[in-house]
>>> print(open('protein-v5.csv').read())   # CSV, C-alpha atoms
chain,number,residue,atom,x,y,z
A,8,PRO,CA,103.8,-170.1,182.6
A,9,GLU,CA,106.6,-167.7,181.8
A,10,GLY,CA,109.4,-170.3,181.8
A,11,ASP,CA,107.6,-172.5,179.2
A,12,ASP,CA,106.1,-169.7,177.1
A,13,PRO,CA,107.3,-170.3,173.4
A,14,PHE,CA,106.7,-166.6,172.7
A,15,LEU,CA,109.0,-165.3,175.5
A,16,PRO,CA,111.9,-164.7,173.1
A,17,PHE,CA,109.7,-162.5,171.0
A,18,PHE,CA,107.8,-160.5,173.6
A,19,GLY,CA,109.9,-160.7,176.8
A,20,PRO,CA,108.5,-161.2,180.3
A,21,GLN,CA,104.9,-159.9,180.6
A,22,GLU,CA,103.6,-157.8,183.4
A,23,SER,CA,101.8,-159.8,186.0
A,24,PRO,CA,101.0,-159.3,189.7
A,25,LYS,CA,104.2,-161.3,190.5
A,26,ASN,CA,106.3,-159.4,188.0
A,27,PRO,CA,105.3,-155.7,187.9
A,28,VAL,CA,107.2,-153.7,185.3
A,29,PRO,CA,108.1,-150.2,186.4
A,30,GLN,CA,107.1,-147.4,184.1
A,31,GLU,CA,109.0,-144.2,183.3
A,32,GLY,CA,107.6,-140.9,182.4
A,33,MET,CA,109.2,-137.8,181.1
A,34,GLY,CA,108.5,-134.1,181.3
A,35,SER,CA,110.2,-130.8,181.8
A,36,GLY,CA,110.4,-128.2,184.5
A,37,PHE,CA,112.5,-125.3,185.6
A,38,ILE,CA,114.1,-123.9,188.8
A,39,VAL,CA,112.5,-120.8,190.2
A,40,ARG,CA,114.5,-120.5,193.5
A,41,ALA,CA,118.2,-121.0,193.9
A,42,ASP,CA,117.6,-123.3,196.9
A,43,GLY,CA,116.0,-125.9,194.6
A,44,VAL,CA,112.3,-125.1,194.1
A,45,VAL,CA,111.2,-126.5,190.8
A,46,LEU,CA,107.9,-125.9,188.9
A,47,THR,CA,106.4,-128.4,186.5
A,48,ASN,CA,102.9,-129.7,185.6
A,49,ALA,CA,100.8,-131.8,187.9
A,50,HIS,CA,100.2,-134.3,185.1
A,51,VAL,CA,104.0,-134.8,184.7
A,52,VAL,CA,104.4,-136.1,188.3
A,53,ASN,CA,101.0,-137.7,188.7
A,54,GLY,CA,101.3,-141.1,190.2
A,55,ALA,CA,105.1,-141.0,190.4
A,56,THR,CA,106.8,-142.8,193.2
A,57,GLU,CA,110.2,-141.3,192.4
A,58,VAL,CA,111.1,-138.1,190.6
A,59,THR,CA,114.5,-137.3,189.3
A,60,VAL,CA,115.5,-133.8,188.1
A,61,LYS,CA,118.3,-133.6,185.5
A,62,LEU,CA,119.9,-130.3,184.8
A,63,GLN,CA,121.4,-129.2,181.5
A,64,ASP,CA,124.9,-129.7,183.0
A,65,ARG,CA,124.0,-133.4,183.5
A,66,ARG,CA,123.7,-133.2,187.3
A,67,GLU,CA,120.8,-135.3,188.7
A,68,PHE,CA,118.9,-134.8,191.9
A,69,LYS,CA,116.2,-136.8,193.6
A,70,ALA,CA,113.2,-134.5,193.9
A,71,LYS,CA,110.5,-134.4,196.5
A,72,VAL,CA,107.0,-133.5,195.3
A,73,VAL,CA,106.1,-130.7,197.7
A,74,GLY,CA,102.6,-130.3,196.4
A,75,VAL,CA,100.3,-130.6,193.4
A,76,ASP,CA,97.4,-128.5,192.3
A,77,LYS,CA,95.4,-130.4,189.7
A,78,LEU,CA,93.0,-127.5,188.9
A,79,SER,CA,95.9,-125.4,187.6
A,80,ASP,CA,98.0,-128.4,186.5
A,81,THR,CA,100.9,-127.1,188.6
A,82,ALA,CA,103.3,-129.1,190.7
A,83,VAL,CA,106.0,-127.8,193.1
A,84,LEU,CA,109.2,-130.0,193.5
A,85,LYS,CA,112.1,-129.5,195.8
A,86,ILE,CA,115.7,-130.6,195.1
A,87,GLU,CA,118.6,-130.3,197.6
A,88,GLY,CA,121.1,-127.7,196.4
A,89,ASN,CA,122.4,-124.1,196.8
A,90,ASN,CA,123.0,-121.5,194.2
A,91,LEU,CA,121.2,-123.5,191.5
A,92,PRO,CA,120.6,-121.8,188.2
A,93,VAL,CA,117.2,-120.0,188.1
A,94,VAL,CA,115.1,-118.7,185.3
A,95,PRO,CA,114.2,-115.0,185.3
A,96,ILE,CA,110.5,-114.4,185.8
A,97,GLY,CA,108.6,-112.2,183.4
A,98,ASN,CA,105.1,-110.6,183.5
A,99,PRO,CA,102.5,-112.5,181.4
A,100,ASN,CA,100.2,-109.5,181.8
A,101,THR,CA,102.4,-107.3,179.6
A,102,THR,CA,102.7,-110.0,176.9
A,103,ARG,CA,100.8,-109.1,173.7
A,104,VAL,CA,99.1,-111.3,171.1
A,105,GLY,CA,101.5,-111.6,168.2
A,106,GLU,CA,104.7,-111.5,170.3
A,107,TRP,CA,107.3,-114.2,169.7
A,108,VAL,CA,107.7,-116.8,172.4
A,109,MET,CA,109.9,-119.9,172.9
A,110,ALA,CA,109.3,-123.2,174.6
A,111,ILE,CA,112.1,-125.3,176.1
A,112,GLY,CA,111.6,-129.0,176.9
A,113,SER,CA,112.5,-132.6,176.1
A,114,PRO,CA,110.0,-133.6,173.4
A,115,PHE,CA,110.2,-137.4,172.9
A,116,GLY,CA,113.4,-137.4,175.1
A,117,PHE,CA,115.3,-134.9,172.9
A,118,GLU,CA,116.7,-132.8,175.8
A,119,ASN,CA,117.0,-129.0,175.8
A,120,THR,CA,114.9,-128.5,172.6
A,121,VAL,CA,113.8,-125.0,171.8
A,122,THR,CA,110.7,-124.3,169.6
A,123,ALA,CA,109.4,-120.9,168.7
A,124,GLY,CA,106.1,-119.3,167.7
A,125,ILE,CA,103.8,-116.5,168.6
A,126,VAL,CA,101.2,-115.8,171.3
A,127,SER,CA,97.9,-116.5,169.6
A,128,ALA,CA,95.5,-115.5,172.4
A,129,LYS,CA,95.5,-114.7,176.1
A,130,ALA,CA,93.2,-115.7,178.9
A,131,ARG,CA,91.9,-118.6,176.9
A,132,SER,CA,89.6,-121.0,178.6
A,133,LEU,CA,89.5,-124.6,177.6
A,134,PRO,CA,86.6,-127.1,177.8
A,135,GLU,CA,86.5,-128.5,181.3
A,136,GLU,CA,89.5,-126.3,182.3
A,137,GLY,CA,87.8,-123.1,183.4
A,138,TYR,CA,90.2,-122.3,186.2
A,139,VAL,CA,93.3,-121.2,184.3
A,140,PRO,CA,93.4,-118.2,181.9
A,141,PHE,CA,95.8,-120.0,179.4
A,142,ILE,CA,98.2,-118.3,177.1
A,143,GLN,CA,97.5,-119.8,173.7
A,144,THR,CA,100.5,-120.1,171.3
A,145,ASP,CA,101.4,-121.9,168.1
A,146,VAL,CA,104.7,-123.1,169.7
A,147,ALA,CA,105.3,-126.8,169.0
A,148,VAL,CA,104.7,-128.7,172.3
A,149,ASN,CA,104.9,-132.5,172.3
A,150,PRO,CA,105.1,-135.2,174.9
A,151,GLY,CA,108.1,-134.4,177.1
A,152,THR,CA,107.7,-130.6,176.7
A,153,SER,CA,105.0,-130.4,179.3
A,154,GLY,CA,106.1,-128.5,182.4
A,155,GLY,CA,108.8,-126.6,180.6
A,156,PRO,CA,109.0,-122.8,180.5
A,157,LEU,CA,107.4,-120.6,177.9
A,158,LEU,CA,109.8,-117.7,177.5
A,159,ASN,CA,109.5,-114.2,176.0
A,160,THR,CA,112.2,-112.7,173.7
A,161,GLN,CA,114.0,-111.3,176.8
A,162,GLY,CA,114.4,-114.9,178.1
A,163,GLU,CA,111.9,-114.5,180.9
A,164,VAL,CA,109.5,-117.2,181.8
A,165,ILE,CA,105.9,-116.1,181.2
A,166,GLY,CA,104.2,-119.5,181.4
A,167,ILE,CA,104.4,-123.3,181.9
A,168,ASN,CA,103.7,-125.3,178.8
A,169,SER,CA,100.8,-127.5,179.7
A,170,GLN,CA,98.5,-128.7,177.0
A,171,ILE,CA,97.9,-129.1,173.3
A,172,TYR,CA,94.6,-129.2,171.5
A,173,THR,CA,94.6,-132.1,169.1
A,174,SER,CA,92.5,-134.6,167.3
A,175,SER,CA,95.5,-136.8,166.3
A,176,GLY,CA,97.3,-137.0,169.7
A,177,GLY,CA,100.2,-134.9,168.3
A,178,TYR,CA,101.0,-131.3,167.9
A,179,GLN,CA,98.6,-129.5,165.5
A,180,GLY,CA,99.5,-125.8,166.0
A,181,LEU,CA,97.6,-125.1,169.3
A,182,SER,CA,99.4,-125.2,172.6
A,183,PHE,CA,98.5,-123.7,175.9
A,184,ALA,CA,100.6,-122.4,178.8
A,185,ILE,CA,99.7,-121.7,182.4
A,186,PRO,CA,100.6,-118.0,183.1
A,187,ILE,CA,103.6,-117.9,185.4
A,188,ASP,CA,101.8,-115.6,187.9
A,189,VAL,CA,99.1,-118.2,188.3
A,190,ALA,CA,101.8,-120.9,188.9
A,191,LEU,CA,103.7,-118.8,191.3
A,192,ASP,CA,100.6,-118.1,193.3
A,193,VAL,CA,100.0,-121.8,193.6
A,194,GLU,CA,103.6,-122.3,194.6
A,195,ARG,CA,103.3,-119.8,197.4
A,196,GLN,CA,100.1,-121.4,198.6
A,197,ILE,CA,101.7,-124.9,198.6
>>> encode(input="protein-v5.csv", output="structure tokens")
Amino acid sequence: PEGDDPFLPFFGPQESPKNPVPQEGMGSGFIVRADGVVLTNAHVVNGATEVTVKLQDRREFKAKVVGVDKLSDTAVLKIEGNNLPVVPIGNPNTTRVGEWVMAIGSPFGFENTVTAGIVSAKARSLPEEGYVPFIQTDVAVNPGTSGGPLLNTQGEVIGINSQIYTSSGGYQGLSFAIPIDVALDVERQI
């Protein structure tokens, strides 16, 4: 019984059917339309009952999950607002292997973190992920960076940071982004 548990001061109340503990997740995303259309990863919002979008200027918006495409790991959110800041969209097809790129996200909760690297390969397929022609980079992507933009040196979004390839569970120099044209095609269909 919780009230008589001698370990309660050490461990706190435990989750039980009577006492469910809400869980929070974190990810990144970016606004692609000034009326509040946001792109992120499907795995970032998977199972969420509430989604809050926090902008760099600290404004917060309740978001509606408009649609999710698990095959491409793309999710489309909608927040209520006008003249919201949008990211310029680039062309991933003109991106070349060896070009510098940057990722923006909130790794481990450290908001607005920028990491840089190069494009290592294009149109990379991953085991069990044959649908998306990923952009492979060596940009540091960690938990909380998923769903954030992959930018070229002109500051244009060319992809959505989606996955890492790891044996340890942490970043090991291989990260993968969904090309923005693939994500925008999903957004249009949704």
>>> residues_around(input="protein-v5.csv", residues="segment 114-118 of chain A", least_positions_apart="6", cutoff="12 Å", atoms="all atoms listed in the file", output="list in words")
Glu31, Gly32, Met33, Gly34, Ser35, Gly36, Lys61, Leu62, Gln63, Asp64, Arg65, Ala147, Val148, Asn149, Pro150, Gly151, Thr152, Ser153, Gly154, Gly155, Asn168, Gly177 and Tyr178 of chain A
>>> atom_distance(input="protein-v5.csv", atom1="atom CA of Arg66 of chain A", atom2="atom CA of Val45 of chain A")
14.6 Å
>>> residues_around(input="protein-v5.csv", residues="Pro140 of chain A", least_positions_apart="6", cutoff="12 Å", atoms="only C-alpha atoms", output="VMD selection string")
chain A and resid 78 to 79 99 to 100 128 to 134 166 183 to 190
>>> atom_distance(input="protein-v5.csv", atom1="atom CA of Glu87 of chain A", atom2="atom CA of Gly74 of chain A")
16.0 Å
>>> residues_around(input="protein-v5.csv", residues="Val73 of chain A", least_positions_apart="2", cutoff="7 Å", atoms="all atoms listed in the file", output="list in words")
Lys71, Val83, Leu84 and Lys85 of chain A
>>> write_last_selection(input="protein-v5.csv", atoms="C-alpha atoms", output="compact mmCIF listing (two decimals), keeping the file's coordinate frame")
# COMPACT_ATOMS: atom_id res chain seq x y z
CA LYS A 71 110.50 -134.40 196.50
CA VAL A 83 106.00 -127.80 193.10
CA LEU A 84 109.20 -130.00 193.50
CA LYS A 85 112.10 -129.50 195.80
>>> closest_residue(input="protein-v5.csv", among="A:Val60, A:Ala41, A:Ile96, A:Leu91", to="Gln161 of chain A", atoms="all atoms listed in the file")
A:Ile96
>>> closest_residue(input="protein-v5.csv", among="A:Asn90, A:Gln143, A:Leu158, A:Val193", to="Ile171 of chain A", atoms="all atoms listed in the file")
A:Gln143
>>> residues_around(input="protein-v5.csv", residues="Val93 of chain A", least_positions_apart="3", cutoff="9 Å", atoms="all atoms listed in the file", output="MDAnalysis selection string")
chainID A and resid 37:41 43 90
>>> decode(input="protein-v5.csv", residues="segment 42-56 of chain A", atoms="all heavy atoms", output="PDB file, in the first residue's frame")
ATOM      1  N   ASP A  42       0.730  30.487 -41.574  1.00  0.00           N
ATOM      2  CA  ASP A  42      -0.534  30.289 -40.860  1.00  0.00           C
ATOM      3  C   ASP A  42      -0.452  29.176 -39.822  1.00  0.00           C
ATOM      4  O   ASP A  42      -1.453  28.786 -39.232  1.00  0.00           O
ATOM      5  CB  ASP A  42      -1.682  30.039 -41.837  1.00  0.00           C
ATOM      6  CG  ASP A  42      -1.532  28.736 -42.613  1.00  0.00           C
ATOM      7  OD1 ASP A  42      -0.454  28.112 -42.568  1.00  0.00           O
ATOM      8  OD2 ASP A  42      -2.510  28.341 -43.280  1.00  0.00           O
ATOM      9  N   GLY A  43       0.754  28.628 -39.590  1.00  0.00           N
ATOM     10  CA  GLY A  43       0.931  27.700 -38.480  1.00  0.00           C
ATOM     11  C   GLY A  43       1.095  26.240 -38.816  1.00  0.00           C
ATOM     12  O   GLY A  43       0.879  25.383 -37.956  1.00  0.00           O
ATOM     13  N   VAL A  44       1.504  25.897 -40.045  1.00  0.00           N
ATOM     14  CA  VAL A  44       1.768  24.500 -40.383  1.00  0.00           C
ATOM     15  C   VAL A  44       3.204  24.169 -39.965  1.00  0.00           C
ATOM     16  O   VAL A  44       4.152  24.857 -40.350  1.00  0.00           O
ATOM     17  CB  VAL A  44       1.561  24.219 -41.885  1.00  0.00           C
ATOM     18  CG1 VAL A  44       1.966  22.788 -42.232  1.00  0.00           C
ATOM     19  CG2 VAL A  44       0.105  24.466 -42.268  1.00  0.00           C
ATOM     20  N   VAL A  45       3.333  23.125 -39.151  1.00  0.00           N
ATOM     21  CA  VAL A  45       4.610  22.719 -38.581  1.00  0.00           C
ATOM     22  C   VAL A  45       4.924  21.299 -39.043  1.00  0.00           C
ATOM     23  O   VAL A  45       4.039  20.448 -39.066  1.00  0.00           O
ATOM     24  CB  VAL A  45       4.558  22.759 -37.035  1.00  0.00           C
ATOM     25  CG1 VAL A  45       5.856  22.270 -36.416  1.00  0.00           C
ATOM     26  CG2 VAL A  45       4.193  24.148 -36.542  1.00  0.00           C
ATOM     27  N   LEU A  46       6.192  21.057 -39.383  1.00  0.00           N
ATOM     28  CA  LEU A  46       6.644  19.701 -39.706  1.00  0.00           C
ATOM     29  C   LEU A  46       7.535  19.183 -38.586  1.00  0.00           C
ATOM     30  O   LEU A  46       8.322  19.932 -38.004  1.00  0.00           O
ATOM     31  CB  LEU A  46       7.432  19.677 -41.017  1.00  0.00           C
ATOM     32  CG  LEU A  46       6.656  19.949 -42.298  1.00  0.00           C
ATOM     33  CD1 LEU A  46       7.594  19.854 -43.500  1.00  0.00           C
ATOM     34  CD2 LEU A  46       5.492  18.996 -42.461  1.00  0.00           C
ATOM     35  N   THR A  47       7.422  17.901 -38.321  1.00  0.00           N
ATOM     36  CA  THR A  47       8.284  17.213 -37.372  1.00  0.00           C
ATOM     37  C   THR A  47       8.296  15.736 -37.760  1.00  0.00           C
ATOM     38  O   THR A  47       7.800  15.364 -38.812  1.00  0.00           O
ATOM     39  CB  THR A  47       7.806  17.428 -35.914  1.00  0.00           C
ATOM     40  OG1 THR A  47       8.784  16.901 -35.009  1.00  0.00           O
ATOM     41  CG2 THR A  47       6.462  16.790 -35.646  1.00  0.00           C
ATOM     42  N   ASN A  48       8.841  14.896 -36.909  1.00  0.00           N
ATOM     43  CA  ASN A  48       8.841  13.452 -37.160  1.00  0.00           C
ATOM     44  C   ASN A  48       7.596  12.806 -36.576  1.00  0.00           C
ATOM     45  O   ASN A  48       7.105  13.221 -35.521  1.00  0.00           O
ATOM     46  CB  ASN A  48      10.050  12.773 -36.520  1.00  0.00           C
ATOM     47  CG  ASN A  48      11.360  13.091 -37.176  1.00  0.00           C
ATOM     48  OD1 ASN A  48      12.335  13.343 -36.486  1.00  0.00           O
ATOM     49  ND2 ASN A  48      11.422  13.068 -38.499  1.00  0.00           N
ATOM     50  N   ALA A  49       7.154  11.751 -37.230  1.00  0.00           N
ATOM     51  CA  ALA A  49       6.034  10.973 -36.707  1.00  0.00           C
ATOM     52  C   ALA A  49       6.385  10.386 -35.344  1.00  0.00           C
ATOM     53  O   ALA A  49       5.554  10.364 -34.435  1.00  0.00           O
ATOM     54  CB  ALA A  49       5.645   9.876 -37.694  1.00  0.00           C
ATOM     55  N   HIS A  50       7.641   9.925 -35.178  1.00  0.00           N
ATOM     56  CA  HIS A  50       7.997   9.310 -33.900  1.00  0.00           C
ATOM     57  C   HIS A  50       8.054  10.321 -32.753  1.00  0.00           C
ATOM     58  O   HIS A  50       7.981   9.947 -31.596  1.00  0.00           O
ATOM     59  CB  HIS A  50       9.296   8.497 -34.007  1.00  0.00           C
ATOM     60  CG  HIS A  50      10.554   9.295 -34.065  1.00  0.00           C
ATOM     61  ND1 HIS A  50      11.191   9.617 -35.242  1.00  0.00           N
ATOM     62  CD2 HIS A  50      11.314   9.825 -33.075  1.00  0.00           C
ATOM     63  CE1 HIS A  50      12.292  10.300 -34.984  1.00  0.00           C
ATOM     64  NE2 HIS A  50      12.383  10.448 -33.667  1.00  0.00           N
ATOM     65  N   VAL A  51       8.154  11.603 -33.064  1.00  0.00           N
ATOM     66  CA  VAL A  51       8.164  12.639 -32.023  1.00  0.00           C
ATOM     67  C   VAL A  51       6.783  12.782 -31.394  1.00  0.00           C
ATOM     68  O   VAL A  51       6.661  12.981 -30.189  1.00  0.00           O
ATOM     69  CB  VAL A  51       8.652  13.995 -32.591  1.00  0.00           C
ATOM     70  CG1 VAL A  51       8.383  15.141 -31.631  1.00  0.00           C
ATOM     71  CG2 VAL A  51      10.137  13.926 -32.924  1.00  0.00           C
ATOM     72  N   VAL A  52       5.724  12.664 -32.188  1.00  0.00           N
ATOM     73  CA  VAL A  52       4.359  12.856 -31.673  1.00  0.00           C
ATOM     74  C   VAL A  52       3.608  11.543 -31.473  1.00  0.00           C
ATOM     75  O   VAL A  52       2.459  11.553 -31.045  1.00  0.00           O
ATOM     76  CB  VAL A  52       3.541  13.799 -32.587  1.00  0.00           C
ATOM     77  CG1 VAL A  52       4.162  15.177 -32.615  1.00  0.00           C
ATOM     78  CG2 VAL A  52       3.396  13.236 -33.982  1.00  0.00           C
ATOM     79  N   ASN A  53       4.252  10.423 -31.748  1.00  0.00           N
ATOM     80  CA  ASN A  53       3.605   9.121 -31.630  1.00  0.00           C
ATOM     81  C   ASN A  53       3.070   8.906 -30.213  1.00  0.00           C
ATOM     82  O   ASN A  53       3.799   8.992 -29.237  1.00  0.00           O
ATOM     83  CB  ASN A  53       4.592   8.006 -31.988  1.00  0.00           C
ATOM     84  CG  ASN A  53       3.950   6.642 -31.992  1.00  0.00           C
ATOM     85  OD1 ASN A  53       2.797   6.501 -32.374  1.00  0.00           O
ATOM     86  ND2 ASN A  53       4.688   5.641 -31.555  1.00  0.00           N
ATOM     87  N   GLY A  54       1.776   8.658 -30.115  1.00  0.00           N
ATOM     88  CA  GLY A  54       1.158   8.376 -28.819  1.00  0.00           C
ATOM     89  C   GLY A  54       0.859   9.596 -27.973  1.00  0.00           C
ATOM     90  O   GLY A  54       0.368   9.458 -26.850  1.00  0.00           O
ATOM     91  N   ALA A  55       1.132  10.785 -28.474  1.00  0.00           N
ATOM     92  CA  ALA A  55       0.910  12.001 -27.682  1.00  0.00           C
ATOM     93  C   ALA A  55      -0.575  12.313 -27.586  1.00  0.00           C
ATOM     94  O   ALA A  55      -1.308  12.202 -28.568  1.00  0.00           O
ATOM     95  CB  ALA A  55       1.646  13.177 -28.306  1.00  0.00           C
ATOM     96  N   THR A  56      -1.009  12.694 -26.405  1.00  0.00           N
ATOM     97  CA  THR A  56      -2.382  13.155 -26.231  1.00  0.00           C
ATOM     98  C   THR A  56      -2.452  14.677 -26.299  1.00  0.00           C
ATOM     99  O   THR A  56      -3.495  15.238 -26.597  1.00  0.00           O
ATOM    100  CB  THR A  56      -2.962  12.681 -24.887  1.00  0.00           C
ATOM    101  OG1 THR A  56      -2.094  13.094 -23.832  1.00  0.00           O
ATOM    102  CG2 THR A  56      -3.105  11.157 -24.871  1.00  0.00           C
TER     103      THR A  56
END
